[in-house]
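Participant: Contents of work08.txt (compact mmCIF, N, CA and C atoms and all ligand atoms) are given next:
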# COMPACT_ATOMS: atom_id res chain seq x y z
N MET A 1 26.69 54.53 -48.05
CA MET A 1 27.63 55.64 -48.06
C MET A 1 28.62 55.50 -49.20
N PHE A 2 29.04 54.26 -49.47
CA PHE A 2 29.95 54.05 -50.58
C PHE A 2 29.31 54.46 -51.90
N HIS A 3 28.01 54.13 -52.03
CA HIS A 3 27.31 54.50 -53.26
C HIS A 3 27.36 56.01 -53.45
N ARG A 4 27.05 56.71 -52.37
CA ARG A 4 26.99 58.15 -52.45
C ARG A 4 28.35 58.71 -52.87
N ILE A 5 29.38 58.20 -52.27
CA ILE A 5 30.72 58.72 -52.57
C ILE A 5 31.08 58.43 -54.03
N ARG A 6 30.73 57.21 -54.47
CA ARG A 6 31.08 56.87 -55.84
C ARG A 6 30.32 57.74 -56.84
N ARG A 7 29.00 57.97 -56.53
CA ARG A 7 28.23 58.80 -57.43
C ARG A 7 28.76 60.23 -57.43
N ARG A 8 29.13 60.68 -56.26
CA ARG A 8 29.61 62.05 -56.12
C ARG A 8 30.88 62.27 -56.96
N THR A 9 31.76 61.29 -56.98
CA THR A 9 32.98 61.46 -57.76
C THR A 9 32.69 61.48 -59.25
N LYS A 10 31.60 60.77 -59.63
CA LYS A 10 31.27 60.79 -61.05
C LYS A 10 30.81 62.19 -61.49
N GLN A 11 29.73 62.64 -60.84
CA GLN A 11 29.19 63.94 -61.23
C GLN A 11 28.48 64.58 -60.04
N PRO A 12 29.20 65.30 -59.22
CA PRO A 12 28.60 65.86 -58.00
C PRO A 12 27.63 66.98 -58.33
N SER A 13 26.42 66.87 -57.78
CA SER A 13 25.46 67.97 -57.91
C SER A 13 25.75 68.99 -56.83
N GLU A 14 25.10 70.14 -56.93
CA GLU A 14 25.31 71.18 -55.91
C GLU A 14 24.92 70.68 -54.52
N ALA A 15 23.78 69.98 -54.46
CA ALA A 15 23.29 69.49 -53.17
C ALA A 15 24.26 68.48 -52.58
N GLN A 16 24.73 67.61 -53.46
CA GLN A 16 25.64 66.58 -52.97
C GLN A 16 26.94 67.21 -52.47
N ARG A 17 27.38 68.23 -53.18
CA ARG A 17 28.63 68.86 -52.77
C ARG A 17 28.44 69.52 -51.41
N ARG A 18 27.27 70.18 -51.23
CA ARG A 18 27.02 70.85 -49.96
C ARG A 18 26.93 69.80 -48.84
N PHE A 19 26.27 68.68 -49.15
CA PHE A 19 26.15 67.60 -48.16
C PHE A 19 27.54 67.11 -47.76
N ALA A 20 28.39 66.96 -48.75
CA ALA A 20 29.74 66.46 -48.47
C ALA A 20 30.49 67.42 -47.57
N GLU A 21 30.24 68.71 -47.76
CA GLU A 21 30.90 69.69 -46.90
C GLU A 21 30.35 69.65 -45.48
N LEU A 22 29.01 69.48 -45.39
CA LEU A 22 28.37 69.52 -44.08
C LEU A 22 28.53 68.21 -43.31
N TYR A 23 28.69 67.14 -44.04
CA TYR A 23 28.60 65.83 -43.41
C TYR A 23 29.55 65.67 -42.22
N PRO A 24 30.82 66.07 -42.34
CA PRO A 24 31.72 65.90 -41.18
C PRO A 24 31.23 66.64 -39.94
N HIS A 25 30.56 67.80 -40.14
CA HIS A 25 30.04 68.55 -38.99
C HIS A 25 28.80 67.88 -38.42
N MET A 26 28.03 67.25 -39.31
CA MET A 26 26.79 66.63 -38.87
C MET A 26 27.04 65.37 -38.07
N GLN A 27 28.16 64.76 -38.26
CA GLN A 27 28.40 63.48 -37.60
C GLN A 27 28.27 63.58 -36.09
N ASP A 28 28.75 64.70 -35.55
CA ASP A 28 28.67 64.86 -34.10
C ASP A 28 27.24 64.99 -33.61
N GLN A 29 26.34 65.39 -34.52
CA GLN A 29 24.96 65.64 -34.09
C GLN A 29 24.08 64.40 -34.21
N VAL A 30 24.61 63.37 -34.80
CA VAL A 30 23.82 62.15 -34.92
C VAL A 30 23.64 61.54 -33.53
N PRO A 31 22.41 61.19 -33.18
CA PRO A 31 22.19 60.60 -31.84
C PRO A 31 23.03 59.35 -31.67
N PRO A 32 23.48 59.07 -30.47
CA PRO A 32 24.32 57.89 -30.23
C PRO A 32 23.59 56.62 -30.66
N GLY A 33 24.31 55.79 -31.36
CA GLY A 33 23.73 54.52 -31.77
C GLY A 33 22.97 54.59 -33.07
N PHE A 34 22.62 55.80 -33.52
CA PHE A 34 21.85 55.92 -34.75
C PHE A 34 22.71 55.55 -35.94
N GLY A 35 22.21 54.61 -36.74
CA GLY A 35 22.91 54.23 -37.96
C GLY A 35 24.15 53.40 -37.71
N VAL A 36 24.40 53.02 -36.46
CA VAL A 36 25.55 52.16 -36.17
C VAL A 36 25.02 50.73 -35.96
N PRO A 37 25.32 49.84 -36.89
CA PRO A 37 24.69 48.52 -36.85
C PRO A 37 24.97 47.75 -35.57
N SER A 38 26.14 47.93 -34.96
CA SER A 38 26.50 47.11 -33.81
C SER A 38 25.97 47.68 -32.50
N ALA A 39 25.32 48.83 -32.55
CA ALA A 39 24.90 49.48 -31.30
C ALA A 39 23.94 48.60 -30.50
N GLY A 40 22.99 47.96 -31.19
CA GLY A 40 22.02 47.13 -30.50
C GLY A 40 22.68 45.98 -29.77
N GLN A 41 23.65 45.36 -30.42
CA GLN A 41 24.32 44.23 -29.77
C GLN A 41 25.07 44.69 -28.54
N GLU A 42 25.75 45.81 -28.66
CA GLU A 42 26.54 46.29 -27.53
C GLU A 42 25.65 46.59 -26.33
N ARG A 43 24.44 47.04 -26.63
CA ARG A 43 23.56 47.41 -25.54
C ARG A 43 23.04 46.18 -24.78
N THR A 44 22.83 45.06 -25.50
CA THR A 44 22.26 43.90 -24.82
C THR A 44 23.34 43.03 -24.16
N GLU A 45 24.57 43.16 -24.59
CA GLU A 45 25.61 42.28 -24.08
C GLU A 45 25.89 42.42 -22.57
N PRO A 46 25.99 43.63 -22.03
CA PRO A 46 26.35 43.73 -20.61
C PRO A 46 25.44 42.92 -19.70
N ALA A 47 24.14 42.88 -19.99
CA ALA A 47 23.21 42.13 -19.14
C ALA A 47 23.60 40.66 -19.08
N ALA A 48 23.92 40.09 -20.23
CA ALA A 48 24.29 38.68 -20.26
C ALA A 48 25.58 38.45 -19.48
N VAL A 49 26.51 39.37 -19.62
CA VAL A 49 27.78 39.23 -18.91
C VAL A 49 27.56 39.29 -17.40
N VAL A 50 26.74 40.22 -16.97
CA VAL A 50 26.46 40.36 -15.54
C VAL A 50 25.82 39.08 -15.00
N ASP A 51 24.91 38.51 -15.78
CA ASP A 51 24.23 37.30 -15.36
C ASP A 51 25.22 36.17 -15.09
N ASP A 52 26.21 36.03 -15.97
CA ASP A 52 27.20 34.97 -15.79
C ASP A 52 28.16 35.28 -14.64
N PHE A 53 28.34 36.57 -14.44
CA PHE A 53 29.33 37.01 -13.47
C PHE A 53 28.89 36.73 -12.04
N LEU A 54 27.60 36.88 -11.78
CA LEU A 54 27.12 36.70 -10.41
C LEU A 54 27.23 35.26 -9.96
N PRO A 55 27.68 35.03 -8.74
CA PRO A 55 27.64 33.67 -8.20
C PRO A 55 26.19 33.22 -8.03
N PRO A 56 25.94 31.92 -8.10
CA PRO A 56 24.56 31.42 -8.11
C PRO A 56 23.73 31.91 -6.94
N GLU A 57 24.34 32.04 -5.75
CA GLU A 57 23.53 32.40 -4.59
C GLU A 57 23.04 33.84 -4.64
N LEU A 58 23.65 34.65 -5.50
CA LEU A 58 23.20 36.04 -5.61
C LEU A 58 22.20 36.24 -6.73
N ARG A 59 21.99 35.21 -7.50
CA ARG A 59 21.06 35.38 -8.62
C ARG A 59 19.61 35.34 -8.13
N VAL A 60 18.81 36.17 -8.73
CA VAL A 60 17.39 36.16 -8.41
C VAL A 60 16.77 34.91 -9.04
N PRO A 61 16.03 34.14 -8.28
CA PRO A 61 15.44 32.93 -8.86
C PRO A 61 14.49 33.30 -9.99
N SER A 62 14.50 32.51 -11.02
CA SER A 62 13.56 32.78 -12.11
C SER A 62 12.15 32.47 -11.61
N HIS A 63 11.19 32.85 -12.42
CA HIS A 63 9.80 32.85 -11.96
C HIS A 63 9.32 31.47 -11.52
N ASP A 64 9.78 30.42 -12.19
CA ASP A 64 9.26 29.09 -11.86
C ASP A 64 10.06 28.42 -10.76
N GLN A 65 11.08 29.09 -10.28
CA GLN A 65 11.83 28.51 -9.18
C GLN A 65 11.30 29.03 -7.86
N LEU A 66 11.51 28.22 -6.83
CA LEU A 66 11.00 28.60 -5.54
C LEU A 66 12.15 28.65 -4.55
N ASP A 67 12.32 29.80 -3.95
CA ASP A 67 13.35 29.95 -2.94
C ASP A 67 12.64 29.97 -1.60
N GLY A 68 12.30 28.81 -1.10
CA GLY A 68 11.56 28.79 0.14
C GLY A 68 11.32 27.39 0.63
N ARG A 69 10.48 27.27 1.63
CA ARG A 69 10.21 25.98 2.23
C ARG A 69 8.70 25.80 2.40
N THR A 70 8.30 24.60 2.50
CA THR A 70 6.88 24.33 2.72
C THR A 70 6.72 23.28 3.81
N MET A 71 5.56 23.28 4.40
CA MET A 71 5.23 22.21 5.34
C MET A 71 3.74 21.94 5.24
N PRO A 72 3.35 20.70 5.45
CA PRO A 72 1.92 20.40 5.49
C PRO A 72 1.34 20.89 6.81
N TRP A 73 0.09 21.30 6.80
CA TRP A 73 -0.59 21.78 8.00
C TRP A 73 -1.98 21.19 7.98
N LYS A 74 -2.11 20.04 8.64
CA LYS A 74 -3.36 19.28 8.51
C LYS A 74 -4.52 19.89 9.29
N GLN A 75 -4.18 20.41 10.47
CA GLN A 75 -5.26 20.90 11.33
C GLN A 75 -5.73 22.28 10.88
N PRO A 76 -6.89 22.72 11.35
CA PRO A 76 -7.32 24.08 11.02
C PRO A 76 -6.30 25.10 11.49
N LEU A 77 -6.14 26.15 10.74
CA LEU A 77 -5.18 27.20 11.08
C LEU A 77 -5.97 28.36 11.69
N VAL A 78 -5.68 28.64 12.94
CA VAL A 78 -6.44 29.68 13.65
C VAL A 78 -5.57 30.91 13.86
N LEU A 79 -6.03 32.03 13.35
CA LEU A 79 -5.32 33.30 13.52
C LEU A 79 -6.30 34.32 14.07
N ASP A 80 -5.88 35.05 15.08
CA ASP A 80 -6.75 36.05 15.71
C ASP A 80 -8.09 35.43 16.12
N GLY A 81 -8.04 34.17 16.56
CA GLY A 81 -9.25 33.52 17.03
C GLY A 81 -10.19 33.06 15.93
N LYS A 82 -9.75 33.14 14.68
CA LYS A 82 -10.61 32.72 13.58
C LYS A 82 -9.88 31.69 12.74
N MET A 83 -10.65 30.75 12.24
CA MET A 83 -10.07 29.78 11.33
C MET A 83 -9.84 30.44 9.98
N VAL A 84 -8.69 30.15 9.41
CA VAL A 84 -8.41 30.67 8.07
C VAL A 84 -9.12 29.78 7.05
N LEU A 85 -9.85 30.41 6.15
CA LEU A 85 -10.56 29.67 5.12
C LEU A 85 -9.93 29.96 3.76
N CYS A 86 -10.00 29.00 2.89
CA CYS A 86 -9.57 29.24 1.52
C CYS A 86 -10.56 30.20 0.87
N ALA A 87 -10.03 31.25 0.29
CA ALA A 87 -10.90 32.25 -0.32
C ALA A 87 -11.65 31.69 -1.52
N GLU A 88 -11.13 30.62 -2.10
CA GLU A 88 -11.75 30.07 -3.30
C GLU A 88 -12.81 29.02 -2.98
N CYS A 89 -12.41 28.05 -2.11
CA CYS A 89 -13.31 26.92 -1.91
C CYS A 89 -13.77 26.78 -0.47
N GLY A 90 -13.25 27.62 0.43
CA GLY A 90 -13.77 27.63 1.80
C GLY A 90 -13.25 26.53 2.70
N THR A 91 -12.30 25.75 2.20
CA THR A 91 -11.76 24.71 3.08
C THR A 91 -10.93 25.34 4.18
N TYR A 92 -10.80 24.65 5.30
CA TYR A 92 -10.11 25.26 6.44
C TYR A 92 -9.01 24.37 6.99
N ARG A 93 -8.72 23.26 6.34
CA ARG A 93 -7.63 22.41 6.84
C ARG A 93 -6.93 21.73 5.69
N GLU A 94 -5.92 20.94 6.06
CA GLU A 94 -5.07 20.29 5.05
C GLU A 94 -4.39 21.32 4.15
N TRP A 95 -3.80 22.28 4.81
CA TRP A 95 -3.06 23.29 4.07
C TRP A 95 -1.65 22.80 3.74
N LEU A 96 -1.10 23.43 2.76
CA LEU A 96 0.33 23.37 2.54
C LEU A 96 0.79 24.80 2.82
N ILE A 97 1.70 24.95 3.74
CA ILE A 97 2.15 26.30 4.09
C ILE A 97 3.52 26.53 3.47
N LEU A 98 3.62 27.63 2.77
CA LEU A 98 4.80 27.92 1.97
C LEU A 98 5.43 29.21 2.47
N SER A 99 6.70 29.15 2.78
CA SER A 99 7.41 30.33 3.25
C SER A 99 8.46 30.70 2.23
N THR A 100 8.34 31.88 1.68
CA THR A 100 9.30 32.31 0.68
C THR A 100 9.43 33.82 0.70
N HIS A 101 10.68 34.31 0.63
CA HIS A 101 10.94 35.76 0.59
C HIS A 101 10.19 36.50 1.68
N ASP A 102 10.19 35.95 2.88
CA ASP A 102 9.53 36.54 4.03
C ASP A 102 8.03 36.73 3.82
N GLN A 103 7.46 35.89 2.97
CA GLN A 103 6.01 35.86 2.83
C GLN A 103 5.55 34.44 3.11
N VAL A 104 4.37 34.34 3.65
CA VAL A 104 3.81 33.02 3.89
C VAL A 104 2.55 32.86 3.05
N TRP A 105 2.51 31.79 2.31
CA TRP A 105 1.38 31.49 1.45
C TRP A 105 0.72 30.21 1.91
N LEU A 106 -0.57 30.15 1.74
CA LEU A 106 -1.32 28.95 2.05
C LEU A 106 -1.83 28.35 0.75
N ARG A 107 -1.72 27.04 0.67
CA ARG A 107 -2.24 26.37 -0.50
C ARG A 107 -3.18 25.28 -0.02
N CYS A 108 -4.39 25.32 -0.49
CA CYS A 108 -5.36 24.34 -0.03
C CYS A 108 -5.22 23.06 -0.85
N ARG A 109 -5.94 22.07 -0.43
CA ARG A 109 -5.89 20.77 -1.08
C ARG A 109 -6.28 20.86 -2.56
N ALA A 110 -7.12 21.82 -2.88
CA ALA A 110 -7.58 21.97 -4.26
C ALA A 110 -6.60 22.78 -5.11
N GLY A 111 -5.52 23.26 -4.48
CA GLY A 111 -4.51 23.96 -5.25
C GLY A 111 -4.66 25.47 -5.29
N HIS A 112 -5.62 26.01 -4.53
CA HIS A 112 -5.74 27.46 -4.46
C HIS A 112 -4.65 28.01 -3.55
N GLN A 113 -4.13 29.16 -3.93
CA GLN A 113 -3.08 29.76 -3.12
C GLN A 113 -3.48 31.15 -2.68
N GLN A 114 -3.17 31.48 -1.46
CA GLN A 114 -3.42 32.84 -0.98
C GLN A 114 -2.33 33.22 -0.01
N GLN A 115 -1.95 34.49 -0.05
CA GLN A 115 -0.92 34.95 0.87
C GLN A 115 -1.55 35.21 2.23
N GLU A 116 -0.86 34.80 3.28
CA GLU A 116 -1.34 35.07 4.63
C GLU A 116 -0.42 36.10 5.26
N THR A 117 -0.84 37.35 5.23
CA THR A 117 0.03 38.45 5.66
C THR A 117 0.20 38.48 7.17
N ARG A 118 -0.65 37.78 7.92
CA ARG A 118 -0.48 37.76 9.37
C ARG A 118 0.65 36.82 9.78
N LEU A 119 1.10 36.02 8.85
CA LEU A 119 2.19 35.10 9.13
C LEU A 119 3.45 35.55 8.40
N ASP A 120 4.58 35.25 9.01
CA ASP A 120 5.84 35.59 8.36
C ASP A 120 6.83 34.44 8.56
N THR A 121 8.05 34.68 8.08
CA THR A 121 9.06 33.62 8.15
C THR A 121 9.33 33.20 9.60
N ALA A 122 9.34 34.17 10.51
CA ALA A 122 9.59 33.85 11.92
C ALA A 122 8.52 32.90 12.44
N TRP A 123 7.27 33.17 12.11
CA TRP A 123 6.19 32.27 12.52
C TRP A 123 6.42 30.89 11.91
N TYR A 124 6.76 30.91 10.65
CA TYR A 124 6.98 29.63 9.96
C TYR A 124 8.06 28.83 10.67
N ASN A 125 9.17 29.50 10.98
CA ASN A 125 10.29 28.80 11.61
C ASN A 125 9.92 28.26 13.00
N ARG A 126 9.09 29.01 13.72
CA ARG A 126 8.66 28.53 15.04
C ARG A 126 7.80 27.29 14.92
N ASN A 127 7.03 27.22 13.86
CA ASN A 127 6.03 26.17 13.74
C ASN A 127 6.44 25.01 12.86
N SER A 128 7.52 25.16 12.18
CA SER A 128 7.96 24.04 11.36
C SER A 128 9.06 23.29 12.09
N GLY A 129 9.22 22.05 11.76
CA GLY A 129 10.33 21.30 12.32
C GLY A 129 11.61 21.71 11.64
N PRO A 130 12.70 21.01 11.92
CA PRO A 130 13.94 21.29 11.21
C PRO A 130 13.71 21.09 9.71
N ALA A 131 14.36 21.93 8.92
CA ALA A 131 14.15 21.84 7.47
C ALA A 131 14.53 20.45 6.99
N ASP A 132 13.59 19.78 6.35
CA ASP A 132 13.88 18.43 5.87
C ASP A 132 14.45 18.46 4.46
N ALA A 133 14.01 19.41 3.69
CA ALA A 133 14.48 19.45 2.31
C ALA A 133 14.17 20.81 1.72
N THR A 134 15.02 21.22 0.82
CA THR A 134 14.67 22.40 0.03
C THR A 134 14.42 21.91 -1.38
N HIS A 135 13.59 22.62 -2.07
CA HIS A 135 13.16 22.14 -3.38
C HIS A 135 13.40 23.21 -4.43
N ALA A 136 13.88 22.77 -5.54
CA ALA A 136 14.22 23.73 -6.60
C ALA A 136 12.96 24.37 -7.16
N THR A 137 11.92 23.62 -7.29
CA THR A 137 10.71 24.17 -7.87
C THR A 137 9.52 23.82 -7.01
N PHE A 138 8.47 24.56 -7.20
CA PHE A 138 7.25 24.32 -6.46
C PHE A 138 6.71 22.93 -6.76
N GLU A 139 6.83 22.50 -7.98
CA GLU A 139 6.32 21.18 -8.37
C GLU A 139 7.06 20.07 -7.63
N ASP A 140 8.38 20.19 -7.53
CA ASP A 140 9.18 19.23 -6.77
C ASP A 140 8.66 19.14 -5.35
N CYS A 141 8.43 20.31 -4.81
CA CYS A 141 8.01 20.42 -3.43
C CYS A 141 6.66 19.74 -3.24
N LEU A 142 5.74 19.94 -4.13
CA LEU A 142 4.41 19.32 -4.02
C LEU A 142 4.52 17.81 -4.11
N ARG A 143 5.36 17.35 -5.01
CA ARG A 143 5.56 15.91 -5.13
C ARG A 143 6.09 15.34 -3.82
N HIS A 144 7.04 16.06 -3.25
CA HIS A 144 7.67 15.60 -2.00
C HIS A 144 6.62 15.45 -0.91
N LEU A 145 5.68 16.36 -0.86
CA LEU A 145 4.69 16.34 0.20
C LEU A 145 3.45 15.54 -0.19
N GLY A 146 3.49 14.93 -1.35
CA GLY A 146 2.40 14.07 -1.77
C GLY A 146 1.19 14.80 -2.29
N HIS A 147 1.37 16.06 -2.67
CA HIS A 147 0.24 16.80 -3.24
C HIS A 147 0.18 16.57 -4.75
ZN ZN B 201 -9.21 26.19 -2.02
Take the structure from the file and write it as structure tokens.
Facilitator:
Amino acid sequence: MFHRIRRRTKQPSEAQRRFAELYPHMQDQVPPGFGVPSAGQERTEPAAVVDDFLPPELRVPSHDQLDGRTMPWKQPLVLDGKMVLCAECGTYREWLILSTHDQVWLRCRAGHQQQETRLDTAWYNRNSGPADATHATFEDCLRHLGH
């Protein structure tokens, strides 16, 4: 813009003069953020601020964190009169049962995981002992249970 103004003062052409007249009116029509270098930064900043603002217990756990509990389940798991089998390898015992966000997941000895929609947190709580430990990550949890 400085270049344009400097050139215009030297020798304004008809087009440049007309542009100079129109420019103040055109400013209102420029889309918000267009040509404003700081607009991008301003747009991304609020998210970061909000993230810091929330107390830790209200933050959504990141993808690799686990907000839940697990317990080993050595015996076959029978639901509706049928043994639950691993969809991948067909094993039916030595599960690790994981309860998180009101979902129950089964993990077999080979590491396959499947959600068990017939089970929920209430079932988990009835069948698990008192919580022995909570784990920040799934890997911590597996180590704790010797998997
Ligand atoms: Zn399996």
Participant: Mind pulling up the distance from atom CA of A:Leu142 to atom C of A:Cys89?
Facilitator: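 Pair atom C of A:Cys89 / atom CA of A:Leu142 returns 20.0 Å.
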Participant: Taking only N, CA and C atoms and all ligand atoms into account, report as a list of chain:residue names which residues have an atom no farther than 6 Å from an atom of ligand ZN 201 (chain B).
Facilitator: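 Checking only N, CA and C atoms and all ligand atoms against ligand ZN 201 (chain B) at 6 Å gives A:Cys86, A:Ala87, A:Glu88, A:Cys89, A:Gly90, A:Thr91, A:Cys108, A:Arg109, A:Ala110, A:Gly111, A:His112.
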Participant: Work out how far apart atom C of A:Asp80 and atom N of A:His101 are and give it in Å to one decimal.
Facilitator: 24.4 Å
Participant: Counting only C-alpha atoms, which of A:Met83, A:Leu77, A:Ala20, A:Ile97 gets nearest to A:Gln115?
Facilitator: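 Closest candidate: A:Ile97.
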Participant: With only C-alpha atoms as the basis for distance, which of A:Met71, A:Val84, A:Leu22, A:Leu106 is at the shortest distance from A:Asn127?
Facilitator: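 Checking each of A:Met71, A:Val84, A:Leu22, A:Leu106 against A:Asn127, counting only C-alpha atoms, the winner is A:Met71.
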